[in-house]
$ cat run.cif   # mmCIF, C-alpha atoms and all ligand atoms
data_run
#
loop_
_atom_site.label_atom_id
_atom_site.label_comp_id
_atom_site.auth_asym_id
_atom_site.auth_seq_id
_atom_site.Cartn_x
_atom_site.Cartn_y
_atom_site.Cartn_z
CA MET A 1 -15.35 8.13 3.61
CA ASP A 2 -13.61 5.55 5.80
CA ASP A 3 -11.42 4.55 2.86
CA VAL A 4 -8.21 5.28 4.75
CA ARG A 5 -6.17 2.57 6.47
CA ALA A 6 -3.52 3.23 9.09
CA THR A 7 -1.29 0.32 10.09
CA LEU A 8 1.55 0.06 12.59
CA LEU A 9 4.17 -1.91 10.69
CA GLY A 10 6.69 -1.93 13.54
CA THR A 11 6.38 -1.24 17.27
CA SER A 12 9.78 -2.03 18.81
CA HIS A 13 12.46 0.34 20.04
CA ALA A 14 15.92 0.43 18.47
CA TRP A 15 16.21 -3.39 18.61
CA PRO A 16 13.69 -5.90 17.25
CA LEU A 17 12.24 -8.32 19.79
CA PRO A 18 13.19 -11.04 20.59
CA GLU A 19 16.81 -10.03 21.11
CA PRO A 20 19.25 -12.78 20.07
CA GLY A 21 20.65 -14.65 23.04
CA CYS A 22 18.14 -13.31 25.57
CA GLY A 23 15.98 -15.72 27.57
CA CYS A 24 13.80 -13.18 29.40
CA ASP A 25 10.02 -13.67 29.53
CA GLN A 26 9.40 -11.09 26.83
CA CYS A 27 11.90 -12.60 24.37
CA THR A 28 10.84 -16.19 25.15
CA ALA A 29 7.17 -15.34 24.60
CA SER A 30 7.94 -13.62 21.30
CA ARG A 31 9.93 -16.63 20.09
CA GLU A 32 6.97 -18.90 20.83
CA ASP A 33 4.28 -16.60 19.41
CA ALA A 34 5.02 -14.71 16.17
CA GLY A 35 2.24 -12.26 17.07
CA LYS A 36 4.38 -11.03 19.98
CA ARG A 37 7.44 -10.24 17.86
CA ARG A 38 8.26 -6.61 17.31
CA THR A 39 10.10 -4.93 14.45
CA ARG A 40 11.45 -1.38 14.21
CA SER A 41 9.14 1.64 13.88
CA GLY A 42 6.97 2.11 10.82
CA PHE A 43 3.48 3.53 10.33
CA LEU A 44 1.78 3.15 6.95
CA ILE A 45 -1.15 5.36 5.97
CA GLN A 46 -3.02 4.13 2.91
CA THR A 47 -5.31 6.61 1.17
CA PRO A 48 -7.04 6.71 -2.23
CA ALA A 49 -4.62 9.53 -3.11
CA GLY A 50 -1.54 7.37 -2.35
CA ASN A 51 0.25 5.85 0.60
CA ALA A 52 2.57 7.56 3.09
CA LEU A 53 5.13 5.72 5.20
CA LEU A 54 6.22 7.38 8.44
CA ASP A 55 9.79 6.18 9.11
CA ALA A 56 11.64 3.50 7.15
CA GLY A 57 13.40 1.24 9.65
CA PRO A 58 15.65 -1.70 8.74
CA ASP A 59 12.74 -4.18 8.90
CA VAL A 60 10.66 -2.45 6.24
CA TRP A 61 10.94 -5.21 3.61
CA GLN A 62 9.69 -7.90 5.98
CA GLN A 63 6.92 -5.65 7.30
CA PHE A 64 5.46 -5.27 3.79
CA GLU A 65 5.83 -9.01 3.22
CA ARG A 66 4.26 -9.92 6.59
CA GLU A 67 1.26 -7.63 6.06
CA LYS A 68 0.90 -8.71 2.39
CA LEU A 69 1.04 -5.09 1.31
CA LYS A 70 1.70 -3.84 -2.18
CA PRO A 71 5.03 -2.02 -2.03
CA GLU A 72 3.51 1.19 -3.32
CA VAL A 73 4.43 4.29 -1.40
CA ALA A 74 3.91 7.82 -2.70
CA LEU A 75 6.21 9.37 -0.10
CA VAL A 76 8.12 8.66 3.09
CA VAL A 77 8.59 10.99 6.05
CA ILE A 78 11.53 10.38 8.39
CA SER A 79 11.11 11.61 11.98
CA HIS A 80 14.85 11.76 12.75
CA HIS A 81 18.17 10.30 11.72
CA HIS A 82 18.50 7.39 14.20
CA ASP A 83 19.18 4.05 12.52
CA ASP A 84 15.93 2.42 13.62
CA HIS A 85 13.97 5.03 11.62
CA VAL A 86 15.99 5.36 8.44
CA LEU A 87 18.06 2.28 7.56
CA GLY A 88 15.32 0.67 5.46
CA LEU A 89 15.37 3.40 2.86
CA ARG A 90 17.37 1.46 0.26
CA ASP A 91 15.09 -1.59 0.50
CA LEU A 92 12.03 0.65 0.36
CA CYS A 93 13.27 2.29 -2.85
CA ILE A 94 13.95 -1.09 -4.46
CA MET A 95 10.53 -2.50 -3.45
CA ASN A 96 8.82 0.68 -4.56
CA GLY A 97 10.75 0.96 -7.82
CA ARG A 98 8.03 -0.29 -10.14
CA HIS A 99 5.54 2.08 -8.59
CA ARG A 100 7.64 5.20 -8.42
CA ARG A 101 11.27 5.46 -9.52
CA VAL A 102 12.04 8.58 -7.54
CA LEU A 103 10.71 8.51 -3.99
CA PRO A 104 10.04 11.82 -2.19
CA VAL A 105 11.74 11.67 1.24
CA HIS A 106 10.51 14.34 3.63
CA CYS A 107 13.09 14.96 6.35
CA GLY A 108 15.08 17.58 8.20
CA PRO A 109 18.66 18.65 7.31
CA VAL A 110 20.41 16.38 9.87
CA THR A 111 18.56 13.32 8.54
CA GLU A 112 19.29 14.38 4.95
CA ARG A 113 23.02 14.53 5.76
CA LEU A 114 22.94 10.98 7.21
CA ILE A 115 21.02 9.64 4.20
CA ARG A 116 23.45 11.28 1.79
CA ALA A 117 26.42 9.74 3.67
CA THR A 118 24.82 6.28 4.02
CA PHE A 119 22.95 5.79 0.76
CA ALA A 120 25.19 7.29 -1.92
CA GLY A 121 23.85 4.67 -4.33
CA LEU A 122 20.37 6.19 -4.14
CA LEU A 123 21.74 9.59 -5.15
CA ARG A 124 24.02 8.78 -8.10
CA GLU A 125 23.85 11.72 -10.48
CA GLY A 126 21.33 11.14 -13.25
CA GLN A 127 20.04 7.98 -11.51
CA GLU A 128 18.58 9.48 -8.35
CA ARG A 129 16.12 7.22 -6.55
CA ILE A 130 15.14 9.72 -3.88
CA ARG A 131 14.28 13.38 -3.80
CA PHE A 132 14.50 15.33 -0.56
CA VAL A 133 11.64 17.53 0.61
CA PRO A 134 12.23 19.72 3.70
CA TRP A 135 10.33 18.61 6.80
CA GLU A 136 10.19 20.24 10.24
CA THR A 137 7.80 21.14 13.03
CA GLY A 138 4.79 22.78 11.41
CA SER A 139 5.33 21.13 7.98
CA ARG A 140 2.20 19.63 6.40
CA ILE A 141 1.56 17.01 3.75
CA GLU A 142 -1.84 16.56 2.19
CA LEU A 143 -2.77 13.23 0.61
CA GLY A 144 -6.33 13.71 -0.58
CA ALA A 145 -8.34 14.46 2.57
CA VAL A 146 -5.64 13.10 4.92
CA CYS A 147 -3.23 15.62 6.40
CA ILE A 148 0.08 14.82 8.14
CA GLU A 149 1.68 17.53 10.28
CA GLY A 150 5.05 17.57 12.01
CA PHE A 151 5.44 18.41 15.69
CA GLU A 152 8.48 18.78 17.97
CA THR A 153 9.19 16.09 20.54
CA HIS A 154 12.44 17.26 22.24
CA HIS A 155 13.85 13.71 21.85
CA ARG A 156 17.56 14.69 21.81
CA ALA A 157 19.37 17.96 21.18
CA ASP A 158 21.68 16.24 18.65
CA ALA A 159 18.75 14.53 16.90
CA PRO A 160 16.06 17.05 15.99
CA THR A 161 12.93 14.90 15.92
CA THR A 162 9.49 15.61 14.59
CA ALA A 163 6.60 13.35 15.37
CA PHE A 164 3.37 13.24 13.41
CA LEU A 165 -0.15 14.52 13.81
CA VAL A 166 -2.35 12.71 11.31
CA HIS A 167 -5.82 14.02 10.48
CA VAL A 168 -8.04 11.28 9.05
CA PRO A 169 -11.55 11.94 7.70
CA ARG A 170 -14.10 9.46 9.05
CA ALA A 171 -17.86 9.16 8.70
CA GLU A 172 -18.19 10.62 12.22
CA GLY A 173 -15.81 13.54 11.49
CA VAL A 174 -12.07 14.12 11.26
CA VAL A 175 -10.01 12.21 13.85
CA ARG A 176 -6.58 13.39 15.00
CA ILE A 177 -3.86 10.86 15.81
CA ALA A 178 -0.56 11.95 17.37
CA TYR A 179 2.30 9.50 16.76
CA ALA A 180 5.52 10.12 18.71
CA THR A 181 7.83 7.11 18.80
CA ASP A 182 10.82 8.94 20.27
CA MET A 183 10.28 11.83 22.61
CA GLY A 184 11.84 13.64 25.53
CA SER A 185 10.21 14.29 28.86
CA ALA A 186 9.07 17.83 27.96
CA LEU A 187 5.63 18.50 26.48
CA PRO A 188 5.68 18.18 22.70
CA GLU A 189 4.93 21.32 20.69
CA PRO A 190 2.92 23.17 19.60
CA VAL A 191 0.77 22.14 22.56
CA GLU A 192 -2.37 23.80 21.21
CA ARG A 193 -2.28 21.66 18.02
CA LEU A 194 -2.09 18.48 20.14
CA ARG A 195 -4.65 19.36 22.77
CA GLY A 196 -7.54 16.88 22.85
CA VAL A 197 -6.19 14.51 20.17
CA ASP A 198 -8.35 11.44 19.64
CA LEU A 199 -5.37 9.13 20.08
CA PHE A 200 -1.84 9.73 21.38
CA ILE A 201 0.58 6.94 20.45
CA GLY A 202 3.75 7.56 22.45
CA ASP A 203 7.21 6.38 23.37
CA GLY A 204 7.38 3.09 25.29
CA THR A 205 11.13 2.50 25.18
CA TYR A 206 11.20 2.19 28.98
CA LEU A 207 8.49 0.71 31.15
CA GLY A 208 7.88 3.01 34.12
CA GLU A 209 10.70 5.49 34.60
CA GLY A 210 12.78 6.72 31.68
CA ASN A 211 15.27 9.49 31.04
CA ASP A 212 15.29 12.86 29.28
CA LYS A 213 15.70 11.20 25.86
CA HIS A 214 12.94 8.60 26.28
CA PRO A 215 10.49 9.59 28.99
CA GLY A 216 9.37 6.14 30.16
CA THR A 217 5.75 5.09 30.09
CA ASP A 218 4.89 6.91 33.36
CA ARG A 219 5.91 10.31 32.01
CA MET A 220 4.66 9.58 28.47
CA ILE A 221 1.22 8.75 29.80
CA ALA A 222 1.28 11.88 32.01
CA ILE A 223 2.13 13.96 28.92
CA ALA A 224 -0.75 12.40 26.96
CA ARG A 225 -3.11 13.06 29.86
CA GLU A 226 -1.86 16.65 30.12
CA LEU A 227 -2.72 17.05 26.43
CA ARG A 228 -6.15 15.60 27.24
CA ALA A 229 -5.74 12.82 24.68
CA LYS A 230 -8.96 10.82 24.43
CA ARG A 231 -7.08 7.53 23.98
CA ILE A 232 -3.48 6.59 24.73
CA ALA A 233 -1.31 3.84 23.29
CA VAL A 234 2.32 2.79 23.73
CA THR A 235 4.66 1.99 20.85
CA HIS A 236 8.49 1.89 20.38
CA VAL A 237 8.25 -0.82 23.03
CA GLY A 238 11.64 -1.56 24.53
CA HIS A 239 13.28 -4.55 26.11
CA TRP A 240 11.01 -4.53 29.15
CA GLY A 241 11.93 -8.12 30.13
CA VAL A 242 8.41 -8.94 31.36
CA ASP A 243 5.76 -10.97 29.60
CA CYS A 244 2.71 -9.34 28.03
CA ASP A 245 0.37 -10.11 30.93
CA THR A 246 2.70 -8.52 33.48
CA ALA A 247 3.23 -5.50 31.20
CA ARG A 248 -0.55 -5.18 30.86
CA ARG A 249 -0.94 -5.13 34.67
CA LEU A 250 1.81 -2.55 35.10
CA LEU A 251 0.15 -0.03 32.79
CA PRO A 252 -3.17 1.73 33.45
CA PRO A 253 -6.04 -0.33 31.98
CA ASP A 254 -7.06 2.43 29.56
CA VAL A 255 -3.61 2.51 27.89
CA ALA A 256 -3.23 0.21 24.88
CA ILE A 257 0.06 -1.58 24.13
CA CYS A 258 0.52 -1.54 20.35
CA ARG A 259 1.57 -4.61 18.42
CA ASP A 260 3.03 -5.02 14.94
CA GLY A 261 0.24 -5.04 12.38
CA ASP A 262 -2.22 -3.08 14.53
CA ASP A 263 -4.96 -1.20 12.71
CA VAL A 264 -4.60 2.22 14.33
CA LEU A 265 -8.14 3.31 13.59
CA SER A 266 -9.44 0.34 15.59
CA LEU A 267 -7.58 1.72 18.65
CA LEU A 268 -10.05 4.63 18.54
CA ALA A 269 -13.02 2.40 19.29
ZN ZN B 301 13.59 5.12 17.73
ZN ZN B 302 14.81 -10.42 26.43
ZN ZN B 303 15.69 8.12 18.34
#
$ encode --input "run.cif" --output "structure tokens"
Amino acid sequence: MDDVRATLLGTSHAWPLPEPGCGCDQCTASREDAGKRRTRSGFLIQTPAGNALLDAGPDVWQQFEREKLKPEVALVVISHHHDDHVLGLRDLCIMNGRHRRVLPVHCGPVTERLIRATFAGLLREGQERIRFVPWETGSRIELGAVCIEGFETHHRADAPTTAFLVHVPRAEGVVRIAYATDMGSALPEPVERLRGVDLFIGDGTYLGEGNDKHPGTDRMIAIARELRAKRIAVTHVGHWGVDCDTARRLLPPDVAICRDGDDVLSLLA
């Protein structure tokens, strides 16, 4: 029990922070303090039965290096085909090569098409480095006692996007963590599976108001409250332009702002 680790490898939106050439408070602070830098989305779940990576963004190689992690991944699940979630796949396969030559990639058909078009080298006949496994809302992966489920986030009509509901066994019982980096402003589904989650980690692309593709923190937090999430955290943090202290004041005090390297299970405390 309690032998599972869950680490946020990357917590930025589509761009890493700082953004080159920008002198805003957020970028300046992240240049001065490496702990405030943000890389593209990645969530690593380490279990005795193997490790699962949720999304493989372009910063994946440096995330493993920064966290001093063994590049050993049993499978990867890709939420949707946007670049910030998938472009690290080649590097991941190379890093992971000694551990597992053929990497199972769980994804939907639109993502599979993009991967096939982008990473032909990983699919050369007879030398395949990846193997596709269908993934959609309602899909489940079991890694020992940890279960990962897909749920629908209504992110964009042209980018079918599943987020993740992770069930982690703990000494005090199973905890449920919803992880939705990219989501629309509608309630994710199925609502009944998400009701009362222990932790909802949601889309923070925009601070305050957003749009129908990224809801903004106001609507994201309202969604999490509507689901009666016990704890709420913001990831996929965008170019907010304000320093951390201002951002902290602008969000409700009970909402955590995730950082790269965060231990997700500690956010439950
Ligand atoms: Zn994204
Ligand atoms: Zn900036
Ligand atoms: Zn997206």
$ axis_aligned_box --input "run.cif" --around "segment 4-22 of chain A" --padding-each-side "3 Å" --output "lines of an AutoDock Vina configuration file"
center_x = 6.2
center_y = -4.7
center_z = 15.2
size_x = 34.9
size_y = 25.9
size_z = 26.8
$ closest_atom_pairs --input "run.cif" --of "segment 153-266 of chain A" --to "segment 34-57 of chain A" --cutoff "9 Å" --atoms "all atoms listed in the file" --output "Markdown table"
| residue | atom | partner | partner_atom | distance |
| --- | --- | --- | --- | --- |
| A:Phe164 | CA | A:Leu54 | CA | 8.2 |
| A:Tyr179 | CA | A:Phe43 | CA | 8.9 |
| A:Thr181 | CA | A:Ser41 | CA | 7.5 |
| A:Thr235 | CA | A:Ser41 | CA | 8.3 |
| A:His236 | CA | A:Ser41 | CA | 6.5 |
| A:Val237 | CA | A:Arg38 | CA | 8.1 |
| A:Cys244 | CA | A:Lys36 | CA | 8.4 |
| A:Arg259 | CA | A:Arg38 | CA | 7.1 |
| A:Asp260 | CA | A:Arg38 | CA | 6.0 |
| A:Gly261 | CA | A:Gly35 | CA | 8.8 |
$ closest_residue --input "run.cif" --among "A:Trp240, A:Trp15, A:Trp61, A:Phe132" --to "ligand ZN 301 (chain B)" --atoms "all atoms listed in the file"
A:Trp15
$ closest_residue --input "run.cif" --among "A:His155, A:Arg5, A:Arg248, A:Arg195" --to "ligand ZN 301 (chain B)" --atoms "only C-alpha atoms and all ligand atoms"
A:His155
$ residues_near_ligand --input "run.cif" --ligand "ligand ZN 302 (chain B)" --cutoff "6 Å" --atoms "all atoms listed in the file" --output "NGL selection string"
:A and (19 or 22-24 or 26-27 or 241)
$ closest_atom_pairs --input "run.cif" --of "chain A" --to "ligand ZN 301 (chain B)" --cutoff "12 Å" --atoms "all atoms listed in the file" --output "JSON lines"
{"residue": "A:Gly10", "atom": "CA", "partner": "B:ZN301", "partner_atom": "ZN", "distance": 10.7}
{"residue": "A:Thr11", "atom": "CA", "partner": "B:ZN301", "partner_atom": "ZN", "distance": 9.6}
{"residue": "A:Ser12", "atom": "CA", "partner": "B:ZN301", "partner_atom": "ZN", "distance": 8.2}
{"residue": "A:His13", "atom": "CA", "partner": "B:ZN301", "partner_atom": "ZN", "distance": 5.4}
{"residue": "A:Ala14", "atom": "CA", "partner": "B:ZN301", "partner_atom": "ZN", "distance": 5.3}
{"residue": "A:Trp15", "atom": "CA", "partner": "B:ZN301", "partner_atom": "ZN", "distance": 8.9}
{"residue": "A:Pro16", "atom": "CA", "partner": "B:ZN301", "partner_atom": "ZN", "distance": 11.0}
{"residue": "A:Thr39", "atom": "CA", "partner": "B:ZN301", "partner_atom": "ZN", "distance": 11.1}
{"residue": "A:Arg40", "atom": "CA", "partner": "B:ZN301", "partner_atom": "ZN", "distance": 7.7}
{"residue": "A:Ser41", "atom": "CA", "partner": "B:ZN301", "partner_atom": "ZN", "distance": 6.8}
{"residue": "A:Gly42", "atom": "CA", "partner": "B:ZN301", "partner_atom": "ZN", "distance": 10.0}
{"residue": "A:Asp55", "atom": "CA", "partner": "B:ZN301", "partner_atom": "ZN", "distance": 9.5}
{"residue": "A:Ala56", "atom": "CA", "partner": "B:ZN301", "partner_atom": "ZN", "distance": 10.9}
{"residue": "A:Gly57", "atom": "CA", "partner": "B:ZN301", "partner_atom": "ZN", "distance": 9.0}
{"residue": "A:Pro58", "atom": "CA", "partner": "B:ZN301", "partner_atom": "ZN", "distance": 11.5}
{"residue": "A:Ile78", "atom": "CA", "partner": "B:ZN301", "partner_atom": "ZN", "distance": 10.9}
{"residue": "A:Ser79", "atom": "CA", "partner": "B:ZN301", "partner_atom": "ZN", "distance": 9.0}
{"residue": "A:His80", "atom": "CA", "partner": "B:ZN301", "partner_atom": "ZN", "distance": 8.4}
{"residue": "A:His81", "atom": "CA", "partner": "B:ZN301", "partner_atom": "ZN", "distance": 9.2}
{"residue": "A:His82", "atom": "CA", "partner": "B:ZN301", "partner_atom": "ZN", "distance": 6.5}
{"residue": "A:Asp83", "atom": "CA", "partner": "B:ZN301", "partner_atom": "ZN", "distance": 7.7}
{"residue": "A:Asp84", "atom": "CA", "partner": "B:ZN301", "partner_atom": "ZN", "distance": 5.4}
{"residue": "A:His85", "atom": "CA", "partner": "B:ZN301", "partner_atom": "ZN", "distance": 6.1}
{"residue": "A:Val86", "atom": "CA", "partner": "B:ZN301", "partner_atom": "ZN", "distance": 9.6}
{"residue": "A:Leu87", "atom": "CA", "partner": "B:ZN301", "partner_atom": "ZN", "distance": 11.5}
{"residue": "A:His155", "atom": "CA", "partner": "B:ZN301", "partner_atom": "ZN", "distance": 9.5}
{"residue": "A:Arg156", "atom": "CA", "partner": "B:ZN301", "partner_atom": "ZN", "distance": 11.1}
{"residue": "A:Ala159", "atom": "CA", "partner": "B:ZN301", "partner_atom": "ZN", "distance": 10.8}
{"residue": "A:Thr161", "atom": "CA", "partner": "B:ZN301", "partner_atom": "ZN", "distance": 10.0}
{"residue": "A:Thr162", "atom": "CA", "partner": "B:ZN301", "partner_atom": "ZN", "distance": 11.7}
{"residue": "A:Ala163", "atom": "CA", "partner": "B:ZN301", "partner_atom": "ZN", "distance": 11.1}
{"residue": "A:Ala180", "atom": "CA", "partner": "B:ZN301", "partner_atom": "ZN", "distance": 9.5}
{"residue": "A:Thr181", "atom": "CA", "partner": "B:ZN301", "partner_atom": "ZN", "distance": 6.2}
{"residue": "A:Asp182", "atom": "CA", "partner": "B:ZN301", "partner_atom": "ZN", "distance": 5.4}
{"residue": "A:Met183", "atom": "CA", "partner": "B:ZN301", "partner_atom": "ZN", "distance": 8.9}
{"residue": "A:Gly184", "atom": "CA", "partner": "B:ZN301", "partner_atom": "ZN", "distance": 11.7}
{"residue": "A:Gly202", "atom": "CA", "partner": "B:ZN301", "partner_atom": "ZN", "distance": 11.2}
{"residue": "A:Asp203", "atom": "CA", "partner": "B:ZN301", "partner_atom": "ZN", "distance": 8.6}
{"residue": "A:Gly204", "atom": "CA", "partner": "B:ZN301", "partner_atom": "ZN", "distance": 10.0}
{"residue": "A:Thr205", "atom": "CA", "partner": "B:ZN301", "partner_atom": "ZN", "distance": 8.3}
{"residue": "A:Tyr206", "atom": "CA", "partner": "B:ZN301", "partner_atom": "ZN", "distance": 11.9}
{"residue": "A:Lys213", "atom": "CA", "partner": "B:ZN301", "partner_atom": "ZN", "distance": 10.4}
{"residue": "A:His214", "atom": "CA", "partner": "B:ZN301", "partner_atom": "ZN", "distance": 9.3}
{"residue": "A:Thr235", "atom": "CA", "partner": "B:ZN301", "partner_atom": "ZN", "distance": 10.0}
{"residue": "A:His236", "atom": "CA", "partner": "B:ZN301", "partner_atom": "ZN", "distance": 6.6}
{"residue": "A:Val237", "atom": "CA", "partner": "B:ZN301", "partner_atom": "ZN", "distance": 9.6}
{"residue": "A:Gly238", "atom": "CA", "partner": "B:ZN301", "partner_atom": "ZN", "distance": 9.7}
$ atom_distance --input "run.cif" --atom1 "atom CA of Thr118 of chain A" --atom2 "atom CA of Arg100 of chain A"
21.2 Å
$ closest_residue --input "run.cif" --among "A:Cys147, A:Val197, A:Ala157, A:Ile257" --to "ligand ZN 303 (chain B)" --atoms "all atoms listed in the file"
A:Ala157
$ atom_distance --input "run.cif" --atom1 "atom CA of His106 of chain A" --atom2 "atom CA of Leu75 of chain A"
7.6 Å
$ residues_near_point --input "run.cif" --point "(-3.7, 5.5, 26.5)" --cutoff "8 Å" --atoms "only C-alpha atoms" --output "ChimeraX atom specification"
/A:199-201,221,224,229-234,252,254-256
$ residues_near_point --input "run.cif" --point "(-1.8, 21.3, 16.2)" --cutoff "10 Å" --atoms "all atoms listed in the file" --output "ChimeraX atom specification"
/A:138,149-151,164-166,176,178,189-197
$ atom_distance --input "run.cif" --atom1 "atom ZN of ligand ZN 303 (chain B)" --atom2 "atom CA of Pro18 of chain A"
19.5 Å
$ closest_residue --input "run.cif" --among "A:Gly97, A:Gly208, A:Pro215, A:Pro169" --to "ligand ZN 303 (chain B)" --atoms "only C-alpha atoms and all ligand atoms"
A:Pro215
$ closest_residue --input "run.cif" --among "A:Leu9, A:Asp212, A:Gln127, A:Phe119" --to "ligand ZN 303 (chain B)" --atoms "all atoms listed in the file"
A:Asp212
$ closest_residue --input "run.cif" --among "A:Val242, A:Lys70, A:Arg249, A:Thr153" --to "ligand ZN 303 (chain B)" --atoms "all atoms listed in the file"
A:Thr153
$ build_atoms --input "run.cif" --residues "segment 220-241 of chain A" --atoms "N, CA and C atoms" --output "compact mmCIF listing (two decimals), in the frame of the given file"
# COMPACT_ATOMS: atom_id res chain seq x y z
N MET A 220 5.35 9.49 29.76
CA MET A 220 4.66 9.58 28.47
C MET A 220 3.15 9.63 28.68
N ILE A 221 2.67 8.78 29.56
CA ILE A 221 1.22 8.75 29.80
C ILE A 221 0.77 10.06 30.46
N ALA A 222 1.61 10.59 31.37
CA ALA A 222 1.28 11.88 32.01
C ALA A 222 1.21 12.99 30.95
N ILE A 223 2.14 12.96 30.01
CA ILE A 223 2.13 13.96 28.92
C ILE A 223 0.83 13.84 28.12
N ALA A 224 0.49 12.61 27.75
CA ALA A 224 -0.75 12.40 26.96
C ALA A 224 -1.97 12.87 27.74
N ARG A 225 -1.96 12.62 29.04
CA ARG A 225 -3.11 13.06 29.86
C ARG A 225 -3.13 14.58 29.94
N GLU A 226 -1.93 15.18 30.06
CA GLU A 226 -1.86 16.65 30.12
C GLU A 226 -2.40 17.26 28.82
N LEU A 227 -2.19 16.57 27.72
CA LEU A 227 -2.72 17.05 26.43
C LEU A 227 -4.21 16.71 26.27
N ARG A 228 -4.74 16.05 27.23
CA ARG A 228 -6.15 15.60 27.24
C ARG A 228 -6.46 14.70 26.04
N ALA A 229 -5.51 13.81 25.75
CA ALA A 229 -5.74 12.82 24.68
C ALA A 229 -6.91 11.93 25.09
N LYS A 230 -7.78 11.64 24.11
CA LYS A 230 -8.96 10.82 24.43
C LYS A 230 -8.59 9.34 24.59
N ARG A 231 -7.59 8.90 23.84
CA ARG A 231 -7.08 7.53 23.98
C ARG A 231 -5.56 7.60 23.98
N ILE A 232 -4.95 6.62 24.63
CA ILE A 232 -3.48 6.59 24.73
C ILE A 232 -2.98 5.19 24.38
N ALA A 233 -1.90 5.14 23.62
CA ALA A 233 -1.31 3.84 23.29
C ALA A 233 0.22 3.96 23.34
N VAL A 234 0.86 2.85 23.59
CA VAL A 234 2.32 2.79 23.73
C VAL A 234 2.91 2.07 22.52
N THR A 235 3.91 2.68 21.90
CA THR A 235 4.66 1.99 20.85
C THR A 235 6.16 2.18 21.12
N HIS A 236 7.05 1.80 20.15
CA HIS A 236 8.49 1.89 20.38
C HIS A 236 8.81 1.14 21.68
N VAL A 237 8.17 -0.03 21.80
CA VAL A 237 8.25 -0.82 23.03
C VAL A 237 9.66 -1.40 23.17
N GLY A 238 10.27 -1.14 24.31
CA GLY A 238 11.64 -1.56 24.53
C GLY A 238 11.75 -2.95 25.11
N HIS A 239 12.98 -3.24 25.54
CA HIS A 239 13.28 -4.55 26.11
C HIS A 239 12.85 -4.51 27.58
N TRP A 240 11.58 -4.67 27.81
CA TRP A 240 11.01 -4.53 29.15
C TRP A 240 11.33 -5.76 30.02
N GLY A 241 11.56 -6.91 29.40
CA GLY A 241 11.93 -8.12 30.13
C GLY A 241 10.76 -8.86 30.75
